[in-house]
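The structure appears below as structure tokens.
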4 protein chains.
Amino acid sequence: MRKKSFASDNNSGIHPSVLDAIIRANEGHCIGYGDDPYTNKAIKAFKKTFGENCDIYFVLNGTGANVLGLKAVTKPFQAIICTDVSHLNMDECGAPESLIGAKLLQVKNTNGKLSIEQLEDFLSFKGNEHHAQPRIVSITQATELGTVYTPDEILKISEFVHKNNMLLHMDGARVSNAAAYLGTTLKEITGDVGVDILSFGGTKNGLMMAEAVVFFDRLLSKEFKYIRKQGLHLVSKMRYVSAQFEPYLNENLWLMNAQKANKMATMLKEKLSTLSFCKIVYPVQSNAVFLTLPHSVAEKLRKEYFFYYWDEKKPIIRLMTSFDTEEKDIEEFVQTLKNLSES
Amino acid sequence: MRKKSFASDNNSGIHPSVLDAIIRANEGHCIGYGDDPYTNKAIKAFKKTFGENCDIYFVLNGTGANVLGLKAVTKPFQAIICTDVSHLNMDECGAPESLIGAKLLQVKNTNGKLSIEQLEDFLSFKGNEHHAQPRIVSITQATELGTVYTPDEILKISEFVHKNNMLLHMDGARVSNAAAYLGTTLKEITGDVGVDILSFGGTKNGLMMAEAVVFFDRLLSKEFKYIRKQGLHLVSKMRYVSAQFEPYLNENLWLMNAQKANKMATMLKEKLSTLSFCKIVYPVQSNAVFLTLPHSVAEKLRKEYFFYYWDEKKPIIRLMTSFDTEEKDIEEFVQTLKNLSES
Amino acid sequence: MRKKSFASDNNSGIHPSVLDAIIRANEGHCIGYGDDPYTNKAIKAFKKTFGENCDIYFVLNGTGANVLGLKAVTKPFQAIICTDVSHLNMDECGAPESLIGAKLLQVKNTNGKLSIEQLEDFLSFKGNEHHAQPRIVSITQATELGTVYTPDEILKISEFVHKNNMLLHMDGARVSNAAAYLGTTLKEITGDVGVDILSFGGTKNGLMMAEAVVFFDRLLSKEFKYIRKQGLHLVSKMRYVSAQFEPYLNENLWLMNAQKANKMATMLKEKLSTLSFCKIVYPVQSNAVFLTLPHSVAEKLRKEYFFYYWDEKKPIIRLMTSFDTEEKDIEEFVQTLKNLSES
Amino acid sequence: MRKKSFASDNNSGIHPSVLDAIIRANEGHCIGYGDDPYTNKAIKAFKKTFGENCDIYFVLNGTGANVLGLKAVTKPFQAIICTDVSHLNMDECGAPESLIGAKLLQVKNTNGKLSIEQLEDFLSFKGNEHHAQPRIVSITQATELGTVYTPDEILKISEFVHKNNMLLHMDGARVSNAAAYLGTTLKEITGDVGVDILSFGGTKNGLMMAEAVVFFDRLLSKEFKYIRKQGLHLVSKMRYVSAQFEPYLNENLWLMNAQKANKMATMLKEKLSTLSFCKIVYPVQSNAVFLTLPHSVAEKLRKEYFFYYWDEKKPIIRLMTSFDTEEKDIEEFVQTLKNLSES
């Protein structure tokens with residue numbers, strides 16, 4: 001059996017309950033494109049989770065959720081404010097610019113987050129046709145650096161955003177890990193604190209390829225069915241996507257998986273902290289651990305375990321835990337690392 | 001148990017062998033985004049099928065395959081020639097225009113097909129900056145009307161296309177049904193007769209959501225990995241897409257499923273032909289049957305069986321068979337129709 | 001001195017009064033981008049012409065006016081219905097598709113025009129996410145074939161369009177010629193009969209490079225300043241564009257120039273009708289004359305006078321008159337043609 | 001007569017020699033879209049200036065030159081590296097992102113310039129499909145802060161760029177001012193030092209609305225005629241654009257106008273330096289002077305002279321001189337400022 005990877009939380013497979021749901025969905029014929037009982041049931045589960053007034057659309061990956069959700073509310077002459085390290089800015093191969101036509105306005109992150117002071121700088125762009133017009137603030141929860149915005153931080157941002165006639169988008173690829181860390185419901189860190197559009201992640205937390213765009217105001221979503229279709233994310237056999245959300249939401253799988261991954265990350269951090277040559281770089285608040293290592297050790301480690309350099313110069317490496325990471329996987333990893341440092 | 005539908009070949013579920021392959025893929029950790037053993041194995045199966053020189057990329061639906069495959073070879077000032085009834089022109093919500101930026105030049109179909117004479121009319125556009133520049137001819141195999149281009153017809157089109165410095169794209173959402181009808185290999189009606197880019201369908205023939213873009217010239221695909229990522233079709237857990245192609249290609253599932261669906265369509269056509277109030281509209285060469293019915297019968301039928309009107313005025317309705325359509329499903333359908341006509 | 005051309009009404013220079021206005025504008029400093037007295041004065045002239053409630057933006061050419069005006073009111077998943085011979089469809093190198101992202105839905109013209117019956121066919125697309133959503137009907141006045149819609153014809157189209165929650169766009173590259181033919185004001189064949197967005201042409205009627213987008217409902221234009229800037233049509237030295245409209249509108253140059261060109265086209269038609277080998281193809285209602293000629297004569301003529309083939313097979317050639325075409329130019333042309341036919 | 005403005009070099013009118021050239025061009029008929037003697041002559045003048053192998057296309061403004069020139073060489077999944085203060089990044093309302101589909105990668109400027117060290121950081125993006133692919137480095141000459149790259153600085157950047165399979169673009173809205181400052185020819189700071197694509201400015205230096213895209217390698221421009229047409233910048237009466245370049249290049253107007261504006265900026269800087277409450281912010285190397293002022297003085301000044309705040313907080317204001325700025329205009333401005341500071 002292959003070793004468990006710490007490269008990404010998408011290296012794990014899918015949770016057994018999710019696989020079961022897929023198997024159960026494979027019965028008989030259904031009308032395509034979402035007009036089926038599995039999708040209706042999943043939408044009910046989402047409304048129970050996020051509120052009756054929200055509107056939900058299933059898509060196939062996180063880039064799809066982010067880009068299409070934002071396309072619904074952003075015109076080509078408008079701009080999206082996000083951090084320099086955001087997935088939107090760094091890891092979507094320019095899809096936001098190319099498919100929405102909009103401009104990204106980046107601000108330098110502090111532990112993965114942006115601040116209201118940084119947003120204020122863009123207000124002077126408003127009304128001046130030479131500048132792309134600030135329309136969206138996009139934050140990531142948990143952030144790309146594994147940190148978590150508190151509900152109060154999000155509320156303050158959303159108040160600023162709305163006061164200035166903008167909208168708040170949340171890239172929630174790991175929003176379940178954030179809620180697990182904070183001990184809140186999903187709604188308490190999204191719709192309740194002013195998020196307008198949420199990319200709700202599933203794939204990094206035990207699903208196969210299933211994400212959702214959640215609109216907390218149905219006025220914002222009224223054209224989204226066309227945007228999803230034109231955006232290449234309408235699938236005919238929708239039931240296999242939507243069925244996954246049944247156990248995920250109704251059986252609290254989102255929470256159990258996230259709690260497990262978070263717990264493993266904390267354990268990993270603690271064990272790594274005992275190694276004198278390792279330094280943890282950011283607060284560990286979800287399922288990510290960023291650390292610096294001597295270059296020589298990092299290079300040796302990469303032969304044993306695939307991982308991504310976050311910053312190759314220093315170097316900083318990123319480790320992710322998953323719902324199926326076990327204590328012994330961590331012990332094996334840390335032991336390997338220790339051995340390599342001594343070899 | 002729900003009645004089998006004749007609305008579309010995407011109303012069926014997934015073939016049991018495909019589900020098994022997905023279940024088998026759910027073991028341990030894999031590097032994401034396609035650098036995994038399932039994907040490598042699937043690519044080998046494609047090369048065995050289509051030739052060693054082709055290049056293969058997996059995507060999630062047919063619109064994705066068409067639009068992204070064409071985007072790799074079409075610039076925004078260029079044009080794609082296709083029929084008026086092509087999926088590209090009618091059923092992709094303007095995605096080709098919006099995501100490629102290119103223009104579609106439509107020609108009126110004859111039984112779903114286009115002719116070289118029609119293509120000649122566009123040659124005068126070449127070199128004139130006021131006109132979008134013809135770059136691609138796109139044909140659908142089997143066509144949207146259920147008919148099939150012979151290998152010789154395709155060869156003649158590809159020779160014309162290449163002589164005029166253009167490329168030939170095939171929307172092969174149902175290319176397996178065409179090969180099953182013609183009794184050829186898949187290669188004999190694609191790369192061997194000059195197709196440059198193929199959208200290879202799987203979803204309508206028993207897969208979950210799995211299609212492939214096949215480039216028969218690797219020069220055409222050298223930037224496709226960026227186009228797929230930016231086009232929202234790179235999935236992290238790629239193994240669950242690619243694993244489906246293992247039984248599909250290596251166990252001849254593509255052929256058996258297509259043969260079954262085709263056979264059922266022929267049976268459906270024959271039984272419908274015995275009903276005096278039904279008229280079959282197009283030659284039945286794959287898994288589609290188009291027929292005219294009295295309006296009153298059509299409306300009653302729609303309460304029993306969901307189907308799509310192809311032309312609501314006349315009306316013409318489209319019936320599709322699937323890999324899991326059974327003789328008794330057809331008998332039940334035809335009997336229902338007969339009863340309704342008499343009621 | 002070079003011979004006058006009949007190839008296009010853009011082959012003439014600019015009217016002396018327009019040149020004078022440009023010379024007068026070249027005095028001292030002005031704030032850029034349209035906040036200058038010449039632009040303010042031109043806007044007043046437009047409001048006097050088209051009504052106080054309209055909103056006016058200057059652009060630099062007809063393709064710019066059409067594409068940017070339509071971009072203001074059309075989303076990428078929407079569609080624009082126009083004729084097969086429309087400038088939008090044929091002569092803008094795919095700019096509508098590429099820059100708006102929208103789909104063009106073409107209908108076959110009758111003498112350059114479209115009909116309400118043809119529009120009805122697209123109503124079934126509405127609400128179906130697989131189809132681009134009909135949003136705009138675009139008509140050209142005078143049409144590309146030199147014919148003219150009557151005010152009543154336009155009114156009937158606009159009523160249909162508005163009833164179905166769409167908007168009416170007019171490509172008015174030669175709207176002055178149409179008004180001159182009909183004996184109406186400009187307003188009577190645009191805003192008064194339900195046109196929502198007008199591309200108001202100037203360049204083909206004696207201006208240098210100056211067109212305007214006229215919005216008859218200010219709600220439609222509220223974001224246009226950003227669209228024009230992003231669409232590359234905001235010029236810093238705006239005064240040189242706007243100054244041209246002063247004589248054009250306030251001194252009735254639009255009408256005098258158009259009347260002159262129309263009169264010359266009628267004269268050209270009459271003289272050509274006396275030649276047995278010429279056949280006039282479409283009604284001459286503005287400044288265009290389409291005729292068929294024997295191929296051999298057409299080829300000889302092309303060595304003496306540059307012109308555009310409208311249909312090279314038959315052939316049909318297009319002749320345009322301009323504000324500066326004189327009777328002797330027509331006589332010389334017709335005499336040349338006669339001589340060539342006999343040589 | 002209105003006071004001369006220091007808000008922008010586009011607030012001046014057009015040079016009398018340029019107006020004369022336009023008047024001379026208004027004679028008889030010409031074939032449209034650039035196939036005319038004025039355009040041919042202008043192209044010859046460009047080839048004399050920039051070398052026989054370059055390819056030249058006229059456009060109407062600087063944003064058009066930048067965006068369309070870059071569109072010719074940049075695919076939607078590629079990226080353009082530029083400074084944070086570049087016109088491309090700040091003042092084109094997101095047109096590069098929207099019309100090219102490409103991503104801008106910004107680096108923090110030092111006195112308006114970027115450095116090779118900053119470019120190196122992006123090399124790791126190459127080949128990774130998650131990141132937009134660095135393809136272009138765009139520098140502005142003279143920079144948006146009025147400074148000038150030396151020929152050697154440009155050469156070093158171009159060598160780095162080409163070694164890494166990228167291209168060098170120069171936004172030369174004020175390249176004439178840079179050459180005038182350096183005492184070089186235009187060719188010596190563009191094609192001779194490795195610039196691949198140049199936006200050659202004219203409008204800010206005495207032309208009406210006339211810029212050119214200069215390709216130093218004809219392979220790069222082979223599709224540009226389609227890109228310009230689709231990009232809304234092909235004008236029918238091209239002669240009125242191209243005629244302006246005749247005196248500009250053949251009579252050395254580009255140099256005389258730039259020398260005059262530069263000289264006036266130096267004079268302005270010197271006189272402002274005598275005022276204790278003014279501080280010059282950047283080296284004055286072309287026709288821009290940036291200075292800080294007390295807020296109260298700046299606000300009073302703005303009632304007398306319109307100007308643009310560069311940074312409203314500090315504040316920094318930007319003053320531009322033009323080809324028609326006179327010594328007395330500067331004296332009047334400085335005297336006004338002095339009076340205001342004492343009032």
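Following the order of the structure tokens, chains are lettered A, B, ..., residues in each are numbered from 1, and ligands are numbered from 1.
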
Would you write out, as CSV, a table of all residues in region 5-109 of chain D that have an atom no more than 12 Å from an atom of region 105-117 of chain A, listing for each the closest atom pair and the distance in Å to one decimal, considering only C-alpha atoms and ordering rows by chain and rising residue number?
```
residue,atom,partner,partner_atom,distance
D:Asp84,CA,A:Gln106,CA,10.5
D:Asn89,CA,A:Leu105,CA,9.7
D:Met90,CA,A:Leu105,CA,10.0
D:Cys93,CA,A:Leu105,CA,11.8
D:Gly94,CA,A:Leu105,CA,10.2
D:Glu97,CA,A:Leu105,CA,11.7
D:Lys103,CA,A:Leu105,CA,11.3
D:Leu104,CA,A:Leu105,CA,10.1
D:Leu105,CA,A:Gln106,CA,10.1
D:Gln106,CA,A:Gln106,CA,9.3
D:Val107,CA,A:Gln106,CA,11.4
D:Lys108,CA,A:Lys108,CA,11.8
```

Query raised in the report: What's the 8 Å shell around Lys4 (chain A), counting only C-alpha atoms, without same-chain residues fewer than 5 positions away, as a ChimeraX atom specification?
Result: /A:12,325,329 /B:28-29

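You can rank A:Glu331, A:Asp9, A:Phe160, A:Ser236 by their closest distance to Ala210 (chain B) using only C-alpha atoms, and at the top of that list sits A:Ser236.
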
Query - In region 136-326 of chain C, DSSP strand (DSSP E) residues written as a PyMOL selection string - result: chain C and resi 136-140+167-172+197-200+211-215+279-280+288-292+308-311+316-320

Output file for the residues above (N, CA, C and O atoms, as a tab-separated table (two decimals), in the first residue's frame):
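For reference, out_9.tsv as written:
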```tsv
chain	number	residue	atom	x	y	z
C	136	ILE	N	-31.43	40.81	-27.68
C	136	ILE	CA	-31.40	41.99	-28.54
C	136	ILE	C	-31.87	41.61	-29.93
C	136	ILE	O	-31.51	40.55	-30.44
C	137	VAL	N	-32.65	42.48	-30.54
C	137	VAL	CA	-32.83	42.41	-31.99
C	137	VAL	C	-32.10	43.61	-32.56
C	137	VAL	O	-32.29	44.73	-32.09
C	138	SER	N	-31.26	43.36	-33.54
C	138	SER	CA	-30.51	44.45	-34.16
C	138	SER	C	-30.92	44.58	-35.62
C	138	SER	O	-30.83	43.61	-36.39
C	139	ILE	N	-31.39	45.75	-35.98
C	139	ILE	CA	-31.72	46.01	-37.39
C	139	ILE	C	-30.80	47.11	-37.91
C	139	ILE	O	-30.28	47.91	-37.13
C	140	THR	N	-30.60	47.14	-39.21
C	140	THR	CA	-29.73	48.15	-39.80
C	140	THR	C	-30.60	49.08	-40.65
C	140	THR	O	-31.46	48.63	-41.39
C	167	LEU	N	-34.55	44.06	-26.22
C	167	LEU	CA	-34.27	45.44	-26.59
C	167	LEU	C	-34.02	45.53	-28.09
C	167	LEU	O	-33.58	44.56	-28.71
C	168	LEU	N	-34.29	46.71	-28.63
C	168	LEU	CA	-34.08	46.93	-30.06
C	168	LEU	C	-32.86	47.83	-30.29
C	168	LEU	O	-32.80	48.96	-29.82
C	169	HIS	N	-31.91	47.29	-31.03
C	169	HIS	CA	-30.71	48.04	-31.42
C	169	HIS	C	-30.81	48.39	-32.90
C	169	HIS	O	-31.28	47.58	-33.70
C	170	MET	N	-30.38	49.59	-33.23
C	170	MET	CA	-30.32	49.96	-34.64
C	170	MET	C	-28.89	50.32	-35.01
C	170	MET	O	-28.28	51.19	-34.40
C	171	ASP	N	-28.37	49.61	-36.02
C	171	ASP	CA	-27.11	50.00	-36.62
C	171	ASP	C	-27.43	51.10	-37.61
C	171	ASP	O	-27.93	50.85	-38.71
C	172	GLY	N	-27.16	52.31	-37.19
C	172	GLY	CA	-27.53	53.47	-38.00
C	172	GLY	C	-26.35	54.08	-38.72
C	172	GLY	O	-26.26	55.32	-38.81
C	197	ILE	N	-31.24	51.47	-28.45
C	197	ILE	CA	-29.82	51.86	-28.61
C	197	ILE	C	-29.56	52.08	-30.09
C	197	ILE	O	-29.86	51.21	-30.91
C	198	LEU	N	-28.96	53.21	-30.39
C	198	LEU	CA	-28.69	53.56	-31.78
C	198	LEU	C	-27.20	53.76	-31.98
C	198	LEU	O	-26.57	54.52	-31.23
C	199	SER	N	-26.63	53.10	-32.99
C	199	SER	CA	-25.30	53.47	-33.46
C	199	SER	C	-25.51	54.55	-34.50
C	199	SER	O	-26.03	54.27	-35.59
C	200	PHE	N	-25.16	55.77	-34.16
C	200	PHE	CA	-25.43	56.89	-35.05
C	200	PHE	C	-24.19	57.17	-35.90
C	200	PHE	O	-23.16	57.61	-35.39
C	211	GLU	N	-18.58	58.72	-34.63
C	211	GLU	CA	-19.88	58.07	-34.53
C	211	GLU	C	-20.35	58.28	-33.10
C	211	GLU	O	-19.58	58.70	-32.23
C	212	ALA	N	-21.60	57.99	-32.85
C	212	ALA	CA	-22.10	58.15	-31.49
C	212	ALA	C	-22.98	56.96	-31.13
C	212	ALA	O	-23.64	56.38	-31.98
C	213	VAL	N	-22.94	56.60	-29.86
C	213	VAL	CA	-23.90	55.63	-29.34
C	213	VAL	C	-24.95	56.43	-28.61
C	213	VAL	O	-24.64	57.19	-27.68
C	214	VAL	N	-26.20	56.30	-29.05
C	214	VAL	CA	-27.30	57.03	-28.43
C	214	VAL	C	-28.17	56.02	-27.68
C	214	VAL	O	-28.67	55.06	-28.27
C	215	PHE	N	-28.30	56.23	-26.38
C	215	PHE	CA	-29.17	55.40	-25.55
C	215	PHE	C	-30.46	56.18	-25.32
C	215	PHE	O	-30.42	57.30	-24.80
C	279	LYS	N	-28.49	44.69	-64.47
C	279	LYS	CA	-29.78	44.52	-63.81
C	279	LYS	C	-29.68	44.99	-62.37
C	279	LYS	O	-28.77	44.57	-61.64
C	280	ILE	N	-30.56	45.88	-61.98
C	280	ILE	CA	-30.57	46.38	-60.60
C	280	ILE	C	-31.20	45.30	-59.73
C	280	ILE	O	-32.26	44.75	-60.06
C	288	ALA	N	-27.11	53.27	-52.04
C	288	ALA	CA	-26.48	52.05	-52.56
C	288	ALA	C	-27.22	51.56	-53.79
C	288	ALA	O	-28.45	51.59	-53.84
C	289	VAL	N	-26.46	51.08	-54.74
C	289	VAL	CA	-27.02	50.46	-55.94
C	289	VAL	C	-26.34	49.11	-56.13
C	289	VAL	O	-25.11	49.06	-56.24
C	290	PHE	N	-27.12	48.06	-56.11
C	290	PHE	CA	-26.58	46.72	-56.35
C	290	PHE	C	-26.99	46.29	-57.75
C	290	PHE	O	-28.16	46.39	-58.11
C	291	LEU	N	-26.03	45.79	-58.49
C	291	LEU	CA	-26.39	45.36	-59.85
C	291	LEU	C	-25.64	44.10	-60.24
C	291	LEU	O	-24.59	43.79	-59.68
C	292	THR	N	-26.23	43.39	-61.18
C	292	THR	CA	-25.53	42.26	-61.80
C	292	THR	C	-25.00	42.71	-63.14
C	292	THR	O	-25.60	43.54	-63.82
C	308	TYR	N	-16.45	46.63	-54.57
C	308	TYR	CA	-16.55	45.37	-53.83
C	308	TYR	C	-17.57	44.45	-54.47
C	308	TYR	O	-18.69	44.88	-54.78
C	309	TYR	N	-17.17	43.21	-54.69
C	309	TYR	CA	-18.14	42.20	-55.10
C	309	TYR	C	-19.04	41.89	-53.89
C	309	TYR	O	-18.54	41.62	-52.79
C	310	TRP	N	-20.33	41.90	-54.09
C	310	TRP	CA	-21.24	41.48	-53.02
C	310	TRP	C	-21.42	39.97	-53.09
C	310	TRP	O	-21.52	39.28	-52.09
C	311	ASP	N	-21.46	39.47	-54.32
C	311	ASP	CA	-21.54	38.03	-54.55
C	311	ASP	C	-20.72	37.77	-55.79
C	311	ASP	O	-21.10	38.16	-56.89
C	316	ILE	N	-22.75	39.90	-58.24
C	316	ILE	CA	-23.47	41.11	-57.85
C	316	ILE	C	-22.41	42.09	-57.34
C	316	ILE	O	-21.55	41.71	-56.53
C	317	ILE	N	-22.45	43.31	-57.82
C	317	ILE	CA	-21.51	44.31	-57.30
C	317	ILE	C	-22.28	45.43	-56.61
C	317	ILE	O	-23.45	45.68	-56.91
C	318	ARG	N	-21.61	46.02	-55.65
C	318	ARG	CA	-22.23	47.10	-54.88
C	318	ARG	C	-21.59	48.42	-55.27
C	318	ARG	O	-20.37	48.54	-55.28
C	319	LEU	N	-22.41	49.41	-55.56
C	319	LEU	CA	-21.93	50.77	-55.81
C	319	LEU	C	-22.53	51.71	-54.78
C	319	LEU	O	-23.71	51.60	-54.46
C	320	MET	N	-21.71	52.58	-54.24
C	320	MET	CA	-22.18	53.53	-53.23
C	320	MET	C	-21.92	54.95	-53.74
C	320	MET	O	-20.84	55.23	-54.27
```

Requested in this report: Return as a VMD selection string the residues belonging to chain C that are within 9 Å of chain D, counting only C-alpha atoms.
Outcome: chain C and resid 1 to 5 7 to 8 10 to 16 19 22 to 23 25 to 32 60 to 64 67 92 to 96 98 to 99 203 to 204 208 to 209 226 to 227 229 to 238 240 306

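Going from CA of Met166 (chain A) over to CA of Arg135 (chain A), you cover 4.8 Å.
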
Requested in this report: May I have the residues within 12 Å of Val334 (chain B) as a PyMOL selection string, using only C-alpha atoms and disregarding those fewer than 3 positions away in the same chain?
Outcome: chain B and resi 6+267-275+278+301+304-305+319+327-331+337-341

Requested in this report: Extract, using only C-alpha atoms, all DNA, RNA and protein residues at most 6 Å from region 39-51 of chain A, discarding same-chain residues fewer than 3 positions from it, and format them as a ChimeraX atom specification.
Outcome: /A:34,36,54,187,239,242,245-246

Report task. Using backbone DSSP assignments, extract all helix (DSSP H, G or I) residues from region 236-320 of chain C; output them as a PyMOL selection string. Result -> chain C and resi 239-242+245-250+253-273+295-304

**Report entry** Spatial neighbours of Thr185 (chain B), max dist 9 Å, only C-alpha atoms, sep filter under 4 positions, as a PyMOL selection string
**Finding:** chain B and resi 49+176+179-180+189

Query raised in the report: Which residues, written as a PyMOL selection string, have at least one atom at most 12 Å from Thr150 (chain D), with only C-alpha atoms counted and residues fewer than 5 positions away on the same chain left out?
Result: chain D and resi 113+140-143+155-157+175+178-179+181-184+188-190+193+285
